[in-house]
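For reference, the structure is listed below as structure tokens.
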Amino acid sequence: MLDISSLSRSYVGRLVVDDVTFRVEPGRLTGFVGANGAGKTTTMRMILGVLAPSAGEVRWNGRPITTAQRRRFGYMPEERGLYPRMKVRDQLVFLARLHGISRDDASRRSLELLEHFDLADRADDVLDTLSLGNQQRVQIAASLVHRPDALVLDEPFSGLDPVAVDAMAALLATEAGDKPLLFSSHQLDLVERLCDDLVILSQGKVVAAGAVDDLRGRGPDRYRVVLDGGDAAWIRDLRGIDVRDVDGGTALVDLDGLSASELLAAVVAREPVRELSPVRQPLSAIFREVIR
Amino acid sequence: MSTVTHEPTTVTDDVRGAWRVVAEREITTRVREKSYVYSALVMIVGVVATVVLTSLLGGRPTDYTVAVTDPASAAIVSGASDVVDRTDEGSSAKPREVASAAAAEQAVRDGDVDAALVVTDDGYEVVGDDEIDPTLSAALSTVASASALQTNAEQQDIDLEQLRSGSTVAERLLDPESDDAGSRQLVAFVFLILFYVTAVTFGMSIAQSVVQEKESRIVEILAAAVPIRAMLWGKIAGNTVLALAQIVVLAVAGIAAMVAVGETELLSAVGPAVGWYVVFFVLGFVALAGLWAVAGSLASRQEDLGSTTMPGQVILFAPYLIAVVAGEGVKTVVSMLPVVSAMLMPSRMAEGGVPMWQVVLALVVNVLGAVLIVRFAARLYERTLMRTERKIGFGEALRLSD
């Protein structure tokens, strides 16, 4: 398990990561979200040791992380990069060997990943000659080639078409297995769909962290009420609820003391009800709320 | 798409070995480049051509001019022309009359004539500057003694001793110290050029390799995989091996060419210097390799290399200039300083007459210098490698904190 413990980093006197603490559990996909400039990339670079923290530390299985352990991490930086004039397979084998894997094993594993991405026939082509989408696939392969103990991926879905996003999501789920996996993304719907845990960063600080379900549960219980009649304005008169919005016969209410069945009873007492349904708060709503 | 299996992976935790993987990539990528192969071939051809040409030029027909002071000597020179032609086909010798023996010597010193034939009390003397062509000397001796014997025999009817008197021809060199100085200087100069070209070629190769990784942003993946220093050691090791290989190949090609054309005398004179040259080259190159890597890490794009590699270029070019223009004293001192000694000491040794203590001192200073410079460079490299956004100046890099 990967613990980020009170990490801070300042650039020329400005604190860009401020006392960030969270945990990446093994076997759970952890999403890392935040506005541009919130400090996600800086945090990830500190986790990998590419950037030294001004304060705080990264812990691996409860102990301060060592260089050797970091070497077993898989990393996909925000700024993609490989050797443009090197053959795809050579490139992957080189990176795997840098991570300490034997040449034979590296070679086998590289081909395996290229096959997975349907790129086996391009193994001996120079990276430059591949399409951008395929280069992105090689980039992902590069972060997986040494069978890492943990994965840190900065915006792994950016630049992928919907089909590639699905393939990537499936691969990550397989590859992560029982390992900790942290990835950042701007696509909240995607994060919502994939992640088990979530860390929300705002202006260098963690403003929310935990299981996605728990985070959602934090908000008020919201229900949609649809009446048979054309005007639901009278619902505002009810006590124990907070009416968010009324639009014709439809009202959006947050429970504030009343239970769902009590609400139903109160409404039915006055007018026939066509629908009463809980409204799941989209992640984007939680996100907007916490970074406000 | 097939599924990716999870086989057990063999992993070594030995981070220290990572530099070897980096070095290996440096070497394999470079030797696959056509430009590398071609430039190496051109240099080998250049070395062999230099040796062969030097040898050929030494053996081509020569028209000798010999200063004389009287008609009798002039006649001897004219007679010697046939002998010279017999020894070395197409060659000839012709006399040039001058006023006195002193004037004849002056003409030799000035290089106006190849030698002077001067009358002495007991015969003749062939006077040369730093050397006398053996062909010419032999021819003059033969003709002069024959003519003297003939004259003596005609004038007197005396015994053999008298017959021989006045027929001795002695050689006298005005500068007997440097016998094959010309060839030695040429070899020294070729060393200098080869060091310069090889050091710049592989130095630039280090800088380019570093900036390429910054430019393509792969540097972040590399830095996450291995310590930054391991990347530096790998680059230095890989390129030093390449540069050393090239130097050894060039040295072997040069020696082979000397043997092939029969320049064994020159070979025995410069042979040990060639050995030292390789030793000094490695030390000098390693010391400077750190600075080349820093030049790469200061740049953010290939175009920045022009300015960031300037210090390295100057350090390499300075001894080249010194070797060409500076006096003996300056050369002696500079040939014992780190890095630059790698160029100057072997070329001084090829010229000959360097005391052993100076060689040892230069070696020690070089090793110390290499250690200090590489350590200093490693610090700058670590500080600047991950700053990919723009070019950084040397001064700014020195002020940066880790």
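Chain labels A, B, ... are given in the sequence in which chains occur in the structure tokens; within each chain residues are numbered consecutively from 1, and ligands are likewise numbered from 1 in the order shown.
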
Distance table requested - chain A against chain B, cut-off 6 Å, only C-alpha atoms: one row per qualifying residue with the closest atom pair and its distance in Å to one decimal, ordered by chain and rising residue number, as a Markdown table.
| residue | atom | partner | partner_atom | distance |
| --- | --- | --- | --- | --- |
| A:Leu48 | CA | B:Ala224 | CA | 5.7 |
| A:Val50 | CA | B:Ala224 | CA | 5.6 |
| A:Ala68 | CA | B:Asp13 | CA | 5.9 |
| A:Arg71 | CA | B:Ala225 | CA | 5.0 |
| A:Gly81 | CA | B:Ile218 | CA | 4.2 |
| A:Leu82 | CA | B:Ile218 | CA | 4.8 |
| A:Leu98 | CA | B:Ala18 | CA | 5.7 |
| A:His99 | CA | B:Ala225 | CA | 5.7 |
| A:Gly100 | CA | B:Thr12 | CA | 5.1 |
| A:Ile101 | CA | B:Val11 | CA | 4.7 |
| A:His116 | CA | B:Met1 | CA | 5.0 |

Keeping N, CA and C atoms for every residue in the selection just given, could you write it to a file as a PDB file, in the first residue's frame?
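After the write, selection-v3.pdb holds the following:
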ATOM      1  N   LEU A  48       7.115   9.508  -7.410  1.00  0.00           N
ATOM      2  CA  LEU A  48       8.099   8.752  -8.181  1.00  0.00           C
ATOM      3  C   LEU A  48       9.540   9.130  -7.853  1.00  0.00           C
ATOM      4  N   VAL A  50      10.981  11.803  -8.834  1.00  0.00           N
ATOM      5  CA  VAL A  50      11.545  12.616  -9.900  1.00  0.00           C
ATOM      6  C   VAL A  50      11.760  14.047  -9.395  1.00  0.00           C
ATOM      7  N   ALA A  68      15.141   1.498  -4.586  1.00  0.00           N
ATOM      8  CA  ALA A  68      14.923   0.191  -5.210  1.00  0.00           C
ATOM      9  C   ALA A  68      13.434  -0.110  -5.360  1.00  0.00           C
ATOM     10  N   ARG A  71      11.878   1.904  -8.096  1.00  0.00           N
ATOM     11  CA  ARG A  71      12.257   1.398  -9.402  1.00  0.00           C
ATOM     12  C   ARG A  71      11.241   0.368  -9.890  1.00  0.00           C
ATOM     13  N   GLY A  81       6.732  10.776 -23.438  1.00  0.00           N
ATOM     14  CA  GLY A  81       8.046  10.819 -24.063  1.00  0.00           C
ATOM     15  C   GLY A  81       8.684   9.460 -24.187  1.00  0.00           C
ATOM     16  N   LEU A  82       9.175   9.179 -25.385  1.00  0.00           N
ATOM     17  CA  LEU A  82       9.977   7.986 -25.634  1.00  0.00           C
ATOM     18  C   LEU A  82      11.039   8.420 -26.644  1.00  0.00           C
ATOM     19  N   LEU A  98      16.214  -1.189 -17.664  1.00  0.00           N
ATOM     20  CA  LEU A  98      16.543  -0.112 -16.722  1.00  0.00           C
ATOM     21  C   LEU A  98      15.885  -0.379 -15.374  1.00  0.00           C
ATOM     22  N   HIS A  99      14.704  -0.981 -15.433  1.00  0.00           N
ATOM     23  CA  HIS A  99      13.987  -1.294 -14.198  1.00  0.00           C
ATOM     24  C   HIS A  99      14.517  -2.558 -13.548  1.00  0.00           C
ATOM     25  N   GLY A 100      15.544  -3.157 -14.150  1.00  0.00           N
ATOM     26  CA  GLY A 100      16.206  -4.285 -13.502  1.00  0.00           C
ATOM     27  C   GLY A 100      15.760  -5.658 -13.971  1.00  0.00           C
ATOM     28  N   ILE A 101      15.045  -5.701 -15.103  1.00  0.00           N
ATOM     29  CA  ILE A 101      14.576  -6.998 -15.607  1.00  0.00           C
ATOM     30  C   ILE A 101      15.607  -7.567 -16.589  1.00  0.00           C
ATOM     31  N   HIS A 116      -0.833  -7.473 -27.135  1.00  0.00           N
ATOM     32  CA  HIS A 116      -2.055  -7.014 -26.489  1.00  0.00           C
ATOM     33  C   HIS A 116      -2.617  -5.771 -27.177  1.00  0.00           C
TER      34      HIS A 116
END

Exercise: Leu51 of chain A partners within 12 Å, only C-alpha atoms, chain neighbours under 3 positions left out, as a VMD selection string: (chain A and resid 7 to 11 41 to 48 54 to 55 57 to 58) or (chain B and resid 220 223 to 224 227 to 228 382 to 387 402)

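The spacing separating atom CA of Glu78 of chain A from atom CA of Glu155 of chain A amounts to 6.2 Å.
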
Nearest to Phe287 of chain A by atom-to-atom distance, counting only C-alpha atoms, from A:Leu263, A:Ile241, A:Leu198, A:Ala106: A:Leu198

Exercise: Leu264 of chain A partners within 9 Å, only C-alpha atoms, chain neighbours under 5 positions left out, as a PyMOL selection string: chain A and resi 225+259+269+273+276

Give me a file of those residues, with N, CA and C atoms, as an mmCIF file, in the first residue's frame.
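This is the output file result_2.cif:
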data_model
loop_
_atom_site.group_PDB
_atom_site.id
_atom_site.type_symbol
_atom_site.label_atom_id
_atom_site.label_comp_id
_atom_site.auth_asym_id
_atom_site.auth_seq_id
_atom_site.Cartn_x
_atom_site.Cartn_y
_atom_site.Cartn_z
ATOM 1 N N VAL A 225 -39.375 14.477 -7.399
ATOM 2 C CA VAL A 225 -40.804 14.199 -7.225
ATOM 3 C C VAL A 225 -41.529 14.659 -8.484
ATOM 4 N N SER A 259 -38.089 11.570 6.244
ATOM 5 C CA SER A 259 -37.548 10.405 5.547
ATOM 6 C C SER A 259 -38.229 10.323 4.187
ATOM 7 N N ALA A 269 -50.785 12.581 0.081
ATOM 8 C CA ALA A 269 -51.924 13.100 0.821
ATOM 9 C C ALA A 269 -52.583 14.249 0.082
ATOM 10 N N VAL A 273 -49.027 10.939 -7.111
ATOM 11 C CA VAL A 273 -47.600 11.031 -7.470
ATOM 12 C C VAL A 273 -47.290 10.076 -8.609
ATOM 13 N N LEU A 276 -41.325 9.055 -7.598
ATOM 14 C CA LEU A 276 -40.451 9.571 -6.548
ATOM 15 C C LEU A 276 -39.159 8.765 -6.644
#

Which of segment 106-318 of chain B fall in helix (DSSP H, G or I), as a PyMOL selection string: chain B and resi 106-110+134-155+160-164+181-215+219-225+228-260+264-298+302-308+310-318

Proximity to Leu194 of chain A - best of A:Gly31, A:Pro272, A:Gly13, A:Pro26, only C-alpha atoms: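 Distance minimum relative to Leu194 of chain A lands on A:Gly31.
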
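For the set A:Val279, A:Val17, A:Ala285, A:Ile291, the residue with the smallest atom-to-atom gap to Glu192 of chain A is A:Ala285, counting only C-alpha atoms.
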
Residues of segment 56-287 of chain A in strand (DSSP E), written as JSON, numbers by chain: {"A": [56, 57, 58, 59, 60, 63, 64, 73, 74, 75, 76, 150, 151, 152, 153, 154, 181, 182, 183, 184, 197, 198, 199, 200, 201, 202, 205, 206, 207, 208, 209, 210, 211, 222, 223, 224, 225, 226, 227, 241, 242, 243, 244, 245, 246, 247, 250, 251, 252, 253, 254, 255, 273, 274, 275, 276, 277, 278]}

Contact residues around Phe183 of chain A with only C-alpha atoms at 6 Å, ignoring same-chain residues under 3 positions, as a ChimeraX atom specification: /A:31-32,152-154

Which residue of A:Ser143, A:Gln187, A:Gln281, A:Asn134 approaches Asp221 of chain A most closely, using only C-alpha atoms: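 Residue with the minimum atom-to-atom distance to Asp221 of chain A: A:Gln281.
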
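When atom CA of Ser307 of chain B is paired with atom CA of Ser39 of chain B, their separation reads 23.9 Å.
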
Nearest to Asp178 of chain A by atom-to-atom distance, counting only C-alpha atoms, from A:Gly249, A:Gly217, A:Gly229, A:Pro148: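 Looking only at the distances to Asp178 of chain A, the closest residue turns out to be A:Pro148.
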